[in-house]
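Before any comments, here is the structure.
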Amino acid sequence: GNSVTQMEGPVTLSEEAFLTINCTYTATGYPSLFWYVQYPGEGLQLLLKATKADDKGSNKGFEATYRKETTSFHLEKGSVQVSDSAVYFCALIEGNSGGYQKVTFGTGTKLQVIP
Amino acid sequence: AAGVIQSPRHLIKEKRETATLKCYPIPRHDTVYWYQQGPGQDPQFLISFYEKMQSDKGSIPDRFSAQQFSDYHSELNMSSLELGDSALYFCATRQRGVTDTQYFGPGTRLTVL
């Protein structure tokens with residue numbers, strides 16, 4: 001079956017530091033890859049996505065590139081802010097827009113940014 | 001932009017009671033997914049609906065049931081509640097044929113005492 005492996009947290013960084021959260025996956029077929037962010041006490045918000053190999057998703061200074069050769073979708077940000085403190089989930093969606101879907105989440109990585 | 005609405009946001013129940021959670025999709029979204037998230041865990045898929053029909057089933061206990069209505073809103077009914085049912089329950093919705101992205105609601109935090 002499909003699986004998503006994220007780096008264990010928590011990750012603690014100082015403000016303006018560079019962020020990388022590793023995510024690797026195993027899947028049959030050609031899944032879409034997502035990063036969701038969950039702020040304390042809130043639901044999951046879509047951060048970015050990529051639907052095919054070599055696509056780069058980006059949003060709010062975050063970016064991730066769909067690497068088929070390394071089966072990875074690492075999340076990066078050049079300069080984190082305190083407001084980026086949250087839990088980040090890497091997710092794989094097997095299926096397509098027109099029909100059946102199955103979502104596999106990673107275990108989440110908690111990011112704490114200190115001033 | 002309109003988002004997914006879930007109600008109630010917080011719910012406290014006693015053991016063996018019942019609970020009903022509601023999910024109102026983004027307009028034109030016809031597919032609903034329910035997830036359960038325990039403390040410090042990733043969301044676990046429970047069940048999904050498309051056009052009022054169950055489309056997939058995950059790790060949903062037999063004590064739980066769900067349905068989708070003609071206006072596409074969905075309800076998750078939970079009976080004989082157990083302490084272990086305490087969790088955050090999310091629904092996510094999408095418009096089949098248009099997007100592969102699931103949009104999540106803010107969740108209902110269920111506490112069973």
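So you can find residues: chains in the structure tokens are A, B, ... in the order shown, residues in each start at 1, and ligands are numbered from 1 in order.
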
Find the residues around Gly58 of chain B up to 9 Å (only C-alpha atoms counted), leave out those fewer than 4 positions away in its own chain, and share them as a PyMOL selection string. chain B and resi 44-48

Would you list, as a PyMOL selection string, the residues of chain A that end up in strand (DSSP E or B) under DSSP run on this structure's backbone? chain A and resi 3-6+11-14+19-21+23-26+32-38+44-50+56-59+62-65+67+72+75-77+86-95+101-105+109-114

I need the contact residues of chain B against chain A, so if you could list those with any atom within 8 Å, counting only C-alpha atoms, and return them as a PyMOL selection string, that would help. chain B and resi 41-43+45+55+90+95-101+103-107

Once you have the residues from the selection above, write them out as a PDB file, in the first residue's frame, restricted to N, CA, C and O atoms.
```pdb
ATOM      1  N   GLN B  41      -1.700  12.723  16.508  1.00  0.00           N
ATOM      2  CA  GLN B  41      -1.717  11.741  15.426  1.00  0.00           C
ATOM      3  C   GLN B  41      -2.129  12.385  14.108  1.00  0.00           C
ATOM      4  O   GLN B  41      -2.616  13.500  14.083  1.00  0.00           O
ATOM      5  N   ASP B  42      -1.915  11.648  13.035  1.00  0.00           N
ATOM      6  CA  ASP B  42      -2.390  12.137  11.747  1.00  0.00           C
ATOM      7  C   ASP B  42      -3.861  11.740  11.576  1.00  0.00           C
ATOM      8  O   ASP B  42      -4.340  10.817  12.225  1.00  0.00           O
ATOM      9  N   PRO B  43      -4.564  12.416  10.709  1.00  0.00           N
ATOM     10  CA  PRO B  43      -5.982  12.089  10.494  1.00  0.00           C
ATOM     11  C   PRO B  43      -6.152  10.683   9.926  1.00  0.00           C
ATOM     12  O   PRO B  43      -5.422  10.280   9.036  1.00  0.00           O
ATOM     13  N   PHE B  45      -8.800   8.163   8.049  1.00  0.00           N
ATOM     14  CA  PHE B  45      -9.994   8.198   7.215  1.00  0.00           C
ATOM     15  C   PHE B  45     -11.080   7.291   7.786  1.00  0.00           C
ATOM     16  O   PHE B  45     -10.821   6.135   8.133  1.00  0.00           O
ATOM     17  N   SER B  55     -19.035   6.107  -0.772  1.00  0.00           N
ATOM     18  CA  SER B  55     -18.090   5.785  -1.838  1.00  0.00           C
ATOM     19  C   SER B  55     -16.879   5.009  -1.337  1.00  0.00           C
ATOM     20  O   SER B  55     -16.240   4.304  -2.118  1.00  0.00           O
ATOM     21  N   PHE B  90     -12.750  15.684  11.594  1.00  0.00           N
ATOM     22  CA  PHE B  90     -12.750  16.607  10.467  1.00  0.00           C
ATOM     23  C   PHE B  90     -13.609  16.059   9.345  1.00  0.00           C
ATOM     24  O   PHE B  90     -13.676  14.848   9.129  1.00  0.00           O
ATOM     25  N   GLN B  95     -15.033  18.940  -5.094  1.00  0.00           N
ATOM     26  CA  GLN B  95     -15.952  18.845  -6.216  1.00  0.00           C
ATOM     27  C   GLN B  95     -15.372  17.841  -7.192  1.00  0.00           C
ATOM     28  O   GLN B  95     -14.351  18.122  -7.858  1.00  0.00           O
ATOM     29  N   ARG B  96     -15.983  16.671  -7.239  1.00  0.00           N
ATOM     30  CA  ARG B  96     -15.459  15.607  -8.091  1.00  0.00           C
ATOM     31  C   ARG B  96     -15.496  16.038  -9.545  1.00  0.00           C
ATOM     32  O   ARG B  96     -16.458  16.643 -10.013  1.00  0.00           O
ATOM     33  N   GLY B  97     -14.425  15.717 -10.241  1.00  0.00           N
ATOM     34  CA  GLY B  97     -14.321  16.067 -11.649  1.00  0.00           C
ATOM     35  C   GLY B  97     -13.708  17.440 -11.888  1.00  0.00           C
ATOM     36  O   GLY B  97     -13.397  17.803 -13.019  1.00  0.00           O
ATOM     37  N   VAL B  98     -13.517  18.174 -10.794  1.00  0.00           N
ATOM     38  CA  VAL B  98     -12.983  19.534 -10.926  1.00  0.00           C
ATOM     39  C   VAL B  98     -11.634  19.662 -10.238  1.00  0.00           C
ATOM     40  O   VAL B  98     -10.698  20.265 -10.763  1.00  0.00           O
ATOM     41  N   THR B  99     -11.544  19.087  -9.037  1.00  0.00           N
ATOM     42  CA  THR B  99     -10.303  19.207  -8.280  1.00  0.00           C
ATOM     43  C   THR B  99      -9.994  17.909  -7.561  1.00  0.00           C
ATOM     44  O   THR B  99     -10.904  17.174  -7.170  1.00  0.00           O
ATOM     45  N   ASP B 100      -8.694  17.646  -7.402  1.00  0.00           N
ATOM     46  CA  ASP B 100      -8.306  16.492  -6.596  1.00  0.00           C
ATOM     47  C   ASP B 100      -7.972  16.910  -5.161  1.00  0.00           C
ATOM     48  O   ASP B 100      -7.570  16.080  -4.360  1.00  0.00           O
ATOM     49  N   THR B 101      -8.141  18.172  -4.862  1.00  0.00           N
ATOM     50  CA  THR B 101      -7.786  18.691  -3.540  1.00  0.00           C
ATOM     51  C   THR B 101      -8.962  18.560  -2.580  1.00  0.00           C
ATOM     52  O   THR B 101     -10.083  18.957  -2.908  1.00  0.00           O
ATOM     53  N   TYR B 103     -10.598  19.890   0.797  1.00  0.00           N
ATOM     54  CA  TYR B 103     -10.575  21.073   1.646  1.00  0.00           C
ATOM     55  C   TYR B 103     -11.194  20.720   2.994  1.00  0.00           C
ATOM     56  O   TYR B 103     -12.325  20.249   3.049  1.00  0.00           O
ATOM     57  N   PHE B 104     -10.437  20.988   4.037  1.00  0.00           N
ATOM     58  CA  PHE B 104     -10.841  20.554   5.365  1.00  0.00           C
ATOM     59  C   PHE B 104     -11.614  21.621   6.116  1.00  0.00           C
ATOM     60  O   PHE B 104     -11.335  22.823   5.990  1.00  0.00           O
ATOM     61  N   GLY B 105     -12.551  21.157   6.930  1.00  0.00           N
ATOM     62  CA  GLY B 105     -13.236  22.038   7.853  1.00  0.00           C
ATOM     63  C   GLY B 105     -12.411  22.239   9.104  1.00  0.00           C
ATOM     64  O   GLY B 105     -11.351  21.623   9.266  1.00  0.00           O
ATOM     65  N   PRO B 106     -12.895  23.073  10.012  1.00  0.00           N
ATOM     66  CA  PRO B 106     -12.143  23.391  11.238  1.00  0.00           C
ATOM     67  C   PRO B 106     -12.176  22.276  12.266  1.00  0.00           C
ATOM     68  O   PRO B 106     -11.396  22.290  13.219  1.00  0.00           O
ATOM     69  N   GLY B 107     -13.068  21.313  12.080  1.00  0.00           N
ATOM     70  CA  GLY B 107     -13.112  20.178  12.995  1.00  0.00           C
ATOM     71  C   GLY B 107     -14.108  20.348  14.130  1.00  0.00           C
ATOM     72  O   GLY B 107     -14.506  21.465  14.487  1.00  0.00           O
TER      73      GLY B 107
END
```

One-decimal distance in Å that lies between atom CA of Thr108 of chain B and atom CA of Tyr72 of chain B: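 Rounded to one decimal, the two atoms are 18.4 Å apart.
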
Residues near segment 51-54 of chain B, cut-off 9 Å, only C-alpha atoms, skip fewer than 2 positions along chain, as an NGL selection string: :B and (30-31 or 47-49 or 56-57 or 66-70 or 72 or 74)

Convert the current residue selection to file output with N, CA and C atoms, as a short mmCIF file (atom, residue, chain, number, x, y, z; two decimals), in the first residue's frame.
```cif
data_model
loop_
_atom_site.label_atom_id
_atom_site.label_comp_id
_atom_site.auth_asym_id
_atom_site.auth_seq_id
_atom_site.Cartn_x
_atom_site.Cartn_y
_atom_site.Cartn_z
N ASP B 30 -19.43 18.14 -3.95
CA ASP B 30 -20.38 17.05 -3.89
C ASP B 30 -19.85 15.81 -3.17
N THR B 31 -18.61 15.87 -2.73
CA THR B 31 -17.96 14.72 -2.11
C THR B 31 -17.49 15.09 -0.71
N ILE B 47 -14.84 7.51 6.45
CA ILE B 47 -15.85 7.17 5.44
C ILE B 47 -16.00 8.34 4.49
N SER B 48 -16.48 8.05 3.28
CA SER B 48 -16.69 9.13 2.32
C SER B 48 -17.99 8.92 1.55
N PHE B 49 -18.50 10.02 1.01
CA PHE B 49 -19.75 10.01 0.26
C PHE B 49 -19.61 10.85 -1.00
N ASP B 56 -16.58 5.11 -0.06
CA ASP B 56 -15.43 4.37 0.48
C ASP B 56 -15.58 4.31 1.99
N LYS B 57 -14.97 3.29 2.55
CA LYS B 57 -15.07 3.09 3.98
C LYS B 57 -13.68 2.79 4.53
N ALA B 66 -22.98 7.25 9.00
CA ALA B 66 -22.97 8.57 8.38
C ALA B 66 -23.85 8.56 7.16
N GLN B 67 -24.22 9.74 6.74
CA GLN B 67 -24.99 9.86 5.52
C GLN B 67 -24.76 11.24 4.91
N GLN B 68 -25.09 11.33 3.65
CA GLN B 68 -25.02 12.60 2.95
C GLN B 68 -26.42 12.91 2.42
N PHE B 69 -26.80 14.15 2.53
CA PHE B 69 -28.15 14.55 2.18
C PHE B 69 -28.18 15.23 0.80
N SER B 70 -29.41 15.53 0.36
CA SER B 70 -29.58 16.06 -1.00
C SER B 70 -28.91 17.42 -1.18
N TYR B 72 -26.04 18.01 0.00
CA TYR B 72 -24.65 17.58 0.10
C TYR B 72 -24.05 17.68 1.50
N SER B 74 -23.39 16.52 5.28
CA SER B 74 -23.24 15.17 5.79
C SER B 74 -23.30 15.18 7.31
#
```

Name the closest residue to Pro8 of chain B among the candidates B:Ala92, B:Ile26, B:Leu76, B:Leu113; distances are taken between atoms, counting only C-alpha atoms.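 Of the candidates, the smallest distance to Pro8 of chain B is held by B:Leu76.
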
Closest to Pro40 of chain A among B:Leu110, B:Leu11, B:Asn77, B:Leu88, using only C-alpha atoms? B:Leu88
